[in-house]
Every structure is written in structure tokens, then in C-alpha cells.
$ cat work21.pdb   # PDB, C-alpha atoms
MODEL        1
ATOM      1  CA  MET N   1       1.508  16.548 -22.690
ATOM      2  CA  LYS N   2       1.874  19.697 -20.596
ATOM      3  CA  SER N   3       1.590  19.111 -16.859
ATOM      4  CA  GLN N   4      -1.099  20.920 -14.930
ATOM      5  CA  ARG N   5      -0.207  22.636 -11.685
ATOM      6  CA  PHE N   6      -2.422  22.199  -8.638
ATOM      7  CA  ASN N   7      -4.921  25.043  -8.443
ATOM      8  CA  PRO N   8      -6.034  25.596  -4.821
ATOM      9  CA  GLU N   9      -8.950  27.697  -6.076
ATOM     10  CA  LYS N  10     -10.641  24.792  -7.853
ATOM     11  CA  ASP N  11      -8.770  21.544  -7.099
ATOM     12  CA  LEU N  12      -9.398  19.414  -4.014
ATOM     13  CA  ALA N  13      -6.187  19.182  -2.009
ATOM     14  CA  PRO N  14      -5.062  15.640  -1.088
ATOM     15  CA  MET N  15      -3.789  17.059   2.212
ATOM     16  CA  PRO N  16      -3.547  20.547   3.745
ATOM     17  CA  PHE N  17      -0.726  22.510   2.131
ATOM     18  CA  ASP N  18       0.047  24.893   4.957
ATOM     19  CA  GLU N  19       3.382  26.286   6.117
ATOM     20  CA  ARG N  20       2.460  25.353   9.692
ATOM     21  CA  ILE N  21       2.171  21.698   8.574
ATOM     22  CA  CYS N  22       5.615  21.883   6.945
ATOM     23  CA  ARG N  23       7.222  23.476  10.012
ATOM     24  CA  ARG N  24       5.654  20.922  12.347
ATOM     25  CA  ALA N  25       6.853  18.098  10.065
ATOM     26  CA  LEU N  26      10.366  19.565  10.239
ATOM     27  CA  GLU N  27      10.040  19.539  14.020
ATOM     28  CA  MET N  28       9.138  15.830  13.881
ATOM     29  CA  LYS N  29      12.252  15.202  11.792
ATOM     30  CA  GLN N  30      14.428  17.219  14.194
ATOM     31  CA  ASN N  31      13.067  15.162  17.085
ATOM     32  CA  GLY N  32      14.123  11.889  15.476
ATOM     33  CA  LEU N  33      11.294  10.742  13.223
ATOM     34  CA  VAL N  34      12.877   8.090  11.029
ATOM     35  CA  TRP N  35      11.638   7.968   7.456
ATOM     36  CA  ARG N  36      12.527   5.705   4.576
ATOM     37  CA  PRO N  37      11.455   7.475   1.340
ATOM     38  CA  HIS N  38       8.970   5.515  -0.729
ATOM     39  CA  VAL N  39       6.288   5.956  -3.352
ATOM     40  CA  GLY N  40       3.131   7.537  -1.965
ATOM     41  CA  CYS N  41       4.716  10.166   0.269
ATOM     42  CA  PHE N  42       4.399  13.927   0.216
ATOM     43  CA  VAL N  43       7.657  15.750   0.883
ATOM     44  CA  TRP N  44       8.706  19.346   1.448
ATOM     45  CA  ASP N  45      11.897  20.696  -0.119
ATOM     46  CA  PRO N  46      12.659  23.710   2.103
ATOM     47  CA  ASP N  47      16.196  24.209   0.749
ATOM     48  CA  GLU N  48      15.090  24.106  -2.907
ATOM     49  CA  ASN N  49      17.236  21.129  -3.842
ATOM     50  CA  ILE N  50      14.762  20.062  -6.526
ATOM     51  CA  LYS N  51      15.036  22.355  -9.533
ATOM     52  CA  PRO N  52      11.774  21.676 -11.373
ATOM     53  CA  ASP N  53       8.909  23.611  -9.811
ATOM     54  CA  SER N  54       6.511  21.579  -7.787
ATOM     55  CA  PRO N  55       2.979  21.161  -9.072
ATOM     56  CA  PHE N  56       1.872  21.901  -5.488
ATOM     57  CA  PRO N  57       2.336  25.171  -3.598
ATOM     58  CA  GLY N  58       5.171  25.704  -1.133
ATOM     59  CA  ARG N  59       7.760  23.379  -2.711
ATOM     60  CA  ILE N  60       5.750  20.290  -1.793
ATOM     61  CA  TYR N  61       6.228  17.222  -3.974
ATOM     62  CA  PHE N  62       4.591  13.815  -4.200
ATOM     63  CA  ILE N  63       6.791  10.765  -4.694
ATOM     64  CA  LEU N  64       5.219   8.985  -7.629
ATOM     65  CA  SER N  65       8.488   7.707  -9.103
ATOM     66  CA  LEU N  66      11.167   6.912  -6.539
ATOM     67  CA  GLN N  67      13.745   6.665  -9.320
ATOM     68  CA  ARG N  68      13.132  10.292 -10.337
ATOM     69  CA  PHE N  69      13.992  11.437  -6.804
ATOM     70  CA  ILE N  70      17.037   9.141  -6.662
ATOM     71  CA  ASP N  71      18.209  10.739  -9.918
ATOM     72  CA  ILE N  72      18.104  14.101  -8.138
ATOM     73  CA  PHE N  73      19.543  13.085  -4.742
ATOM     74  CA  GLU N  74      21.654  10.050  -5.768
ATOM     75  CA  THR N  75      20.613   7.925  -2.771
ATOM     76  CA  ILE N  76      17.575   7.284  -0.633
ATOM     77  CA  ASP N  77      19.594   8.341   2.407
ATOM     78  CA  GLN N  78      20.297  11.733   0.774
ATOM     79  CA  MET N  79      16.584  12.091   0.021
ATOM     80  CA  ALA N  80      15.718  11.434   3.653
ATOM     81  CA  ASP N  81      18.381  13.895   4.759
ATOM     82  CA  LYS N  82      17.445  16.752   2.409
ATOM     83  CA  LEU N  83      13.659  16.447   2.293
ATOM     84  CA  VAL N  84      11.030  16.694   5.009
ATOM     85  CA  TRP N  85       8.366  14.016   4.988
ATOM     86  CA  LEU N  86       4.790  15.294   5.304
ATOM     87  CA  PRO N  87       2.880  12.260   6.575
ATOM     88  CA  THR N  88      -0.783  12.201   5.634
ATOM     89  CA  TRP N  89      -3.255  11.903   8.491
ATOM     90  CA  HIS N  90      -3.409   8.130   7.968
ATOM     91  CA  GLN N  91       0.389   7.795   7.897
ATOM     92  CA  ALA N  92       0.648   9.997  11.006
ATOM     93  CA  GLN N  93      -1.920   7.797  12.747
ATOM     94  CA  LEU N  94       0.215   4.718  12.001
ATOM     95  CA  ILE N  95       3.377   6.469  13.243
ATOM     96  CA  TYR N  96       1.669   7.481  16.468
ATOM     97  CA  GLN N  97       0.350   3.954  17.026
ATOM     98  CA  GLN N  98       3.900   2.592  16.635
ATOM     99  CA  LEU N  99       5.337   5.172  19.016
ATOM    100  CA  ALA N 100       2.551   4.727  21.571
ATOM    101  CA  GLY N 101       2.855   0.943  21.303
ATOM    102  CA  SER N 102      -0.891   0.526  20.951
ATOM    103  CA  GLU N 103      -3.783   0.568  18.549
ATOM    104  CA  THR N 104      -4.828   3.971  19.908
ATOM    105  CA  VAL N 105      -6.904   5.869  17.388
ATOM    106  CA  ILE N 106      -6.764   9.633  17.476
ATOM    107  CA  ASN N 107     -10.199  11.240  17.611
ATOM    108  CA  ASN N 108     -10.671  13.516  14.612
ATOM    109  CA  GLY N 109     -13.155  15.834  16.299
ATOM    110  CA  PHE N 110     -14.091  17.901  19.311
ATOM    111  CA  SER N 111     -15.498  16.259  22.435
ATOM    112  CA  ASP N 112     -18.959  17.619  21.541
ATOM    113  CA  GLY N 113     -18.910  15.817  18.165
ATOM    114  CA  ARG N 114     -17.994  18.725  15.889
ATOM    115  CA  SER N 115     -15.361  18.100  13.246
ATOM    116  CA  VAL N 116     -11.883  19.579  13.443
ATOM    117  CA  PRO N 117     -10.573  21.335  10.318
ATOM    118  CA  ALA N 118      -8.125  19.088   8.430
ATOM    119  CA  THR N 119      -5.161  21.365   9.054
ATOM    120  CA  GLU N 120      -5.831  21.450  12.783
ATOM    121  CA  ALA N 121      -6.293  17.667  12.957
ATOM    122  CA  LEU N 122      -2.971  17.106  11.197
ATOM    123  CA  LEU N 123      -1.178  19.663  13.381
ATOM    124  CA  HIS N 124      -2.629  17.920  16.441
ATOM    125  CA  ILE N 125      -1.427  14.448  15.510
ATOM    126  CA  TYR N 126       1.979  15.829  14.442
ATOM    127  CA  GLY N 127       2.185  17.394  17.917
ATOM    128  CA  LEU N 128       1.375  14.054  19.550
ATOM    129  CA  ILE N 129       4.124  12.427  17.494
ATOM    130  CA  ILE N 130       6.620  15.113  18.558
ATOM    131  CA  ASP N 131       5.679  14.577  22.210
ATOM    132  CA  ALA N 132       6.086  10.798  21.815
ATOM    133  CA  LEU N 133       9.469  11.230  20.101
ATOM    134  CA  ARG N 134      10.677  13.513  22.911
ATOM    135  CA  GLU N 135       9.461  11.064  25.548
ATOM    136  CA  LYS N 136      11.236   8.218  23.745
ATOM    137  CA  ALA N 137      14.466  10.266  23.592
ATOM    138  CA  GLN N 138      14.253  10.974  27.324
ATOM    139  CA  LEU N 139      13.756   7.287  28.095
ATOM    140  CA  ASP N 140      16.675   6.367  25.809
ATOM    141  CA  THR N 141      19.015   8.765  27.654
ATOM    142  CA  ALA N 142      17.865   7.758  31.149
TER     143      ALA N 142
ENDMDL
END
$ encode --input "work21.pdb" --output "C-alpha cells"
Amino acid sequence: MKSQRFNPEKDLAPMPFDERICRRALEMKQNGLVWRPHVGCFVWDPDENIKPDSPFPGRIYFILSLQRFIDIFETIDQMADKLVWLPTWHQAQLIYQQLAGSETVINNGFSDGRSVPATEALLHIYGLIIDALREKAQLDTA
């Protein structure tokens, strides 16, 4: 069976595939976001460590088989080191709740009730996570 690549012209994206999302996720990683690779995660391979082309644009992969990624990187720690995790909005919400130490739910809209585009909503919550990680780092060094 020949695999089908994701076609952004006709397929519904499971999450926004945007370079801004990838860069912001890298910023989360650089600010200390801890991630343990597991099935069900989207990842970005900015250094092109994975040789087979991704079915998604921009070298984004979905971990469906953890063993397949371990075959490539040898260990889960190497995976976490070489790849950038792209948390979905739900995963990002859970991360933020852990960092904020509360059940705070991020509003997914404007104050007047309009919806926020998916990319903007994800960039917003990634930004909140980065701020929380920086605040945590400052408290840890104080």
C-alpha cells in the first residue's frame, strides 16, 4: 500500500502546520519545557535527522509507533534532544495548567466572543507557556 501525503489543499489539518508554530515550540524547548516522547505527539525535525520524508509539510511527523522513532534515534532521550515537540492545543492547555498550578482554562476567543484562528490560539498558549517557564526559571535561580 502506497502512503498518501497530507494535502493541505483538500485535507483537514489535525493542527496548524505553520513555521511560526514550530519556532515558538522550539522557544518552549529552549526555555526548559520537559517532554517525554510518546505515541500521539506531533514533532518537528528541524535538523532533518529523519530520512524518510514526512507525510506532513515542514518536516513535521506524528508519533504513531514509538519503536519506529527509537529505531531512528536509538533512545527516547535522543528523540527528545533532537526533535521539537509540537503540543496540540489540548496538550498545551494541560502543560499550562501544570505550570500555573491551577485548573485555569485559556479562553479560545476574543473578549467580544469572536473566535481566534487556530494558529493564533496555539501561538498564544505557547507564549503563555514560555512566560511561565521563564518565571519558573527566575524563581528557581532566586
$ resolve_selection --input "work21.pdb" --expression "the PyMOL selection byres ((chain N and resi 77-83) around 9)" --output "count of residues only"
19
$ resolve_selection --input "work21.pdb" --expression "the PyMOL selection byres ((chain N and resi 90) around 12)" --output "PyMOL selection string"
chain N and resi 14-15+40-41+86-89+91-97+105-106+108+118+121-122+125-126
$ closest_residue --input "work21.pdb" --among "N:Phe6, N:Asp11, N:Asp71, N:Val39" --to "Asp53 in chain N" --atoms "all atoms listed in the file"
N:Phe6
$ resolve_selection --input "work21.pdb" --expression "the PyMOL selection byres ((chain N and resi 100) around 10)" --output "MDAnalysis selection string"
chainID N and resid 94:99 101:104 128:129 132:133 136
$ closest_residue --input "work21.pdb" --among "N:Glu48, N:Asp18, N:Gln30, N:Glu9" --to "Ala137 in chain N" --atoms "only C-alpha atoms"
N:Gln30
$ atom_distance --input "work21.pdb" --atom1 "CA of Arg59 in chain N" --atom2 "CA of Glu19 in chain N"
10.3 Å
$ atom_distance --input "work21.pdb" --atom1 "CA of Pro52 in chain N" --atom2 "CA of Lys10 in chain N"
22.9 Å
$ axis_aligned_box --input "work21.pdb" --around "range 34-50 of chain N" --padding-each-side "6 Å" --output "JSON"
{"center_x": 10.2, "center_y": 14.9, "center_z": 2.3, "size_x": 26.1, "size_y": 30.7, "size_z": 29.6}
$ atom_distance --input "work21.pdb" --atom1 "CA of Arg134 in chain N" --atom2 "CA of Cys22 in chain N"
18.7 Å
$ closest_residue --input "work21.pdb" --among "N:Gln4, N:Glu27, N:Lys51, N:Leu12" --to "Leu123 in chain N" --atoms "all atoms listed in the file"
N:Glu27
$ closest_residue --input "work21.pdb" --among "N:Thr119, N:Glu135, N:His124, N:Leu26" --to "Ala13 in chain N" --atoms "only C-alpha atoms"
N:Thr119
$ closest_residue --input "work21.pdb" --among "N:Arg24, N:Ser115, N:Leu64, N:Gly58" --to "Asp131 in chain N" --atoms "all atoms listed in the file"
N:Arg24
$ build_atoms --input "work21.pdb" --residues "range 113-124 of chain N" --atoms "all heavy atoms" --output "PDB file, in the frame of the given file"
ATOM      1  N   GLY N 113     -18.529  16.437  19.418  1.00  0.00           N
ATOM      2  CA  GLY N 113     -18.910  15.817  18.165  1.00  0.00           C
ATOM      3  C   GLY N 113     -18.654  16.640  16.915  1.00  0.00           C
ATOM      4  O   GLY N 113     -18.781  16.137  15.812  1.00  0.00           O
ATOM      5  N   ARG N 114     -18.301  17.908  17.066  1.00  0.00           N
ATOM      6  CA  ARG N 114     -17.994  18.725  15.889  1.00  0.00           C
ATOM      7  C   ARG N 114     -16.699  18.248  15.250  1.00  0.00           C
ATOM      8  O   ARG N 114     -15.823  17.728  15.916  1.00  0.00           O
ATOM      9  CB  ARG N 114     -17.837  20.202  16.272  1.00  0.00           C
ATOM     10  CG  ARG N 114     -19.105  20.864  16.719  1.00  0.00           C
ATOM     11  CD  ARG N 114     -18.873  22.319  17.102  1.00  0.00           C
ATOM     12  NE  ARG N 114     -18.077  22.355  18.332  1.00  0.00           N
ATOM     13  CZ  ARG N 114     -17.113  23.252  18.570  1.00  0.00           C
ATOM     14  NH1 ARG N 114     -16.818  24.174  17.695  1.00  0.00           N
ATOM     15  NH2 ARG N 114     -16.444  23.221  19.695  1.00  0.00           N
ATOM     16  N   SER N 115     -16.583  18.466  13.962  1.00  0.00           N
ATOM     17  CA  SER N 115     -15.361  18.100  13.246  1.00  0.00           C
ATOM     18  C   SER N 115     -14.283  19.155  13.441  1.00  0.00           C
ATOM     19  O   SER N 115     -14.568  20.330  13.604  1.00  0.00           O
ATOM     20  CB  SER N 115     -15.648  17.968  11.747  1.00  0.00           C
ATOM     21  OG  SER N 115     -16.445  16.851  11.511  1.00  0.00           O
ATOM     22  N   VAL N 116     -13.049  18.695  13.376  1.00  0.00           N
ATOM     23  CA  VAL N 116     -11.883  19.579  13.443  1.00  0.00           C
ATOM     24  C   VAL N 116     -11.434  19.836  12.009  1.00  0.00           C
ATOM     25  O   VAL N 116     -11.385  18.898  11.205  1.00  0.00           O
ATOM     26  CB  VAL N 116     -10.744  18.895  14.241  1.00  0.00           C
ATOM     27  CG1 VAL N 116      -9.486  19.721  14.211  1.00  0.00           C
ATOM     28  CG2 VAL N 116     -11.182  18.619  15.662  1.00  0.00           C
ATOM     29  N   PRO N 117     -11.109  21.087  11.660  1.00  0.00           N
ATOM     30  CA  PRO N 117     -10.573  21.335  10.318  1.00  0.00           C
ATOM     31  C   PRO N 117      -9.356  20.450  10.051  1.00  0.00           C
ATOM     32  O   PRO N 117      -8.573  20.153  10.963  1.00  0.00           O
ATOM     33  CB  PRO N 117     -10.195  22.815  10.347  1.00  0.00           C
ATOM     34  CG  PRO N 117     -11.039  23.410  11.438  1.00  0.00           C
ATOM     35  CD  PRO N 117     -11.199  22.303  12.458  1.00  0.00           C
ATOM     36  N   ALA N 118      -9.188  20.027   8.803  1.00  0.00           N
ATOM     37  CA  ALA N 118      -8.125  19.088   8.430  1.00  0.00           C
ATOM     38  C   ALA N 118      -6.747  19.568   8.863  1.00  0.00           C
ATOM     39  O   ALA N 118      -5.936  18.787   9.368  1.00  0.00           O
ATOM     40  CB  ALA N 118      -8.151  18.831   6.933  1.00  0.00           C
ATOM     41  N   THR N 119      -6.471  20.843   8.668  1.00  0.00           N
ATOM     42  CA  THR N 119      -5.161  21.365   9.054  1.00  0.00           C
ATOM     43  C   THR N 119      -4.941  21.211  10.551  1.00  0.00           C
ATOM     44  O   THR N 119      -3.870  20.776  10.990  1.00  0.00           O
ATOM     45  CB  THR N 119      -5.026  22.846   8.647  1.00  0.00           C
ATOM     46  OG1 THR N 119      -5.194  22.948   7.235  1.00  0.00           O
ATOM     47  CG2 THR N 119      -3.675  23.412   9.022  1.00  0.00           C
ATOM     48  N   GLU N 120      -5.953  21.542  11.326  1.00  0.00           N
ATOM     49  CA  GLU N 120      -5.831  21.450  12.783  1.00  0.00           C
ATOM     50  C   GLU N 120      -5.681  19.994  13.240  1.00  0.00           C
ATOM     51  O   GLU N 120      -4.917  19.712  14.158  1.00  0.00           O
ATOM     52  CB  GLU N 120      -7.024  22.116  13.465  1.00  0.00           C
ATOM     53  CG  GLU N 120      -7.156  23.595  13.161  1.00  0.00           C
ATOM     54  CD  GLU N 120      -5.883  24.408  13.425  1.00  0.00           C
ATOM     55  OE1 GLU N 120      -5.239  24.191  14.483  1.00  0.00           O
ATOM     56  OE2 GLU N 120      -5.541  25.245  12.579  1.00  0.00           O
ATOM     57  N   ALA N 121      -6.405  19.084  12.604  1.00  0.00           N
ATOM     58  CA  ALA N 121      -6.293  17.667  12.957  1.00  0.00           C
ATOM     59  C   ALA N 121      -4.886  17.154  12.676  1.00  0.00           C
ATOM     60  O   ALA N 121      -4.308  16.418  13.485  1.00  0.00           O
ATOM     61  CB  ALA N 121      -7.326  16.850  12.182  1.00  0.00           C
ATOM     62  N   LEU N 122      -4.318  17.547  11.544  1.00  0.00           N
ATOM     63  CA  LEU N 122      -2.971  17.106  11.197  1.00  0.00           C
ATOM     64  C   LEU N 122      -1.936  17.737  12.132  1.00  0.00           C
ATOM     65  O   LEU N 122      -1.018  17.050  12.604  1.00  0.00           O
ATOM     66  CB  LEU N 122      -2.670  17.434   9.733  1.00  0.00           C
ATOM     67  CG  LEU N 122      -1.552  16.649   9.074  1.00  0.00           C
ATOM     68  CD1 LEU N 122      -1.707  15.146   9.225  1.00  0.00           C
ATOM     69  CD2 LEU N 122      -1.453  17.010   7.598  1.00  0.00           C
ATOM     70  N   LEU N 123      -2.088  19.017  12.433  1.00  0.00           N
ATOM     71  CA  LEU N 123      -1.178  19.663  13.381  1.00  0.00           C
ATOM     72  C   LEU N 123      -1.253  18.976  14.751  1.00  0.00           C
ATOM     73  O   LEU N 123      -0.231  18.797  15.418  1.00  0.00           O
ATOM     74  CB  LEU N 123      -1.509  21.151  13.523  1.00  0.00           C
ATOM     75  CG  LEU N 123      -1.128  22.037  12.339  1.00  0.00           C
ATOM     76  CD1 LEU N 123      -1.731  23.431  12.501  1.00  0.00           C
ATOM     77  CD2 LEU N 123       0.387  22.121  12.182  1.00  0.00           C
ATOM     78  N   HIS N 124      -2.450  18.583  15.142  1.00  0.00           N
ATOM     79  CA  HIS N 124      -2.629  17.920  16.441  1.00  0.00           C
ATOM     80  C   HIS N 124      -1.885  16.587  16.483  1.00  0.00           C
ATOM     81  O   HIS N 124      -1.126  16.322  17.421  1.00  0.00           O
ATOM     82  CB  HIS N 124      -4.121  17.714  16.718  1.00  0.00           C
ATOM     83  CG  HIS N 124      -4.385  16.948  17.970  1.00  0.00           C
ATOM     84  ND1 HIS N 124      -4.152  17.471  19.224  1.00  0.00           N
ATOM     85  CD2 HIS N 124      -4.844  15.686  18.165  1.00  0.00           C
ATOM     86  CE1 HIS N 124      -4.460  16.564  20.140  1.00  0.00           C
ATOM     87  NE2 HIS N 124      -4.880  15.470  19.518  1.00  0.00           N
TER      88      HIS N 124
END
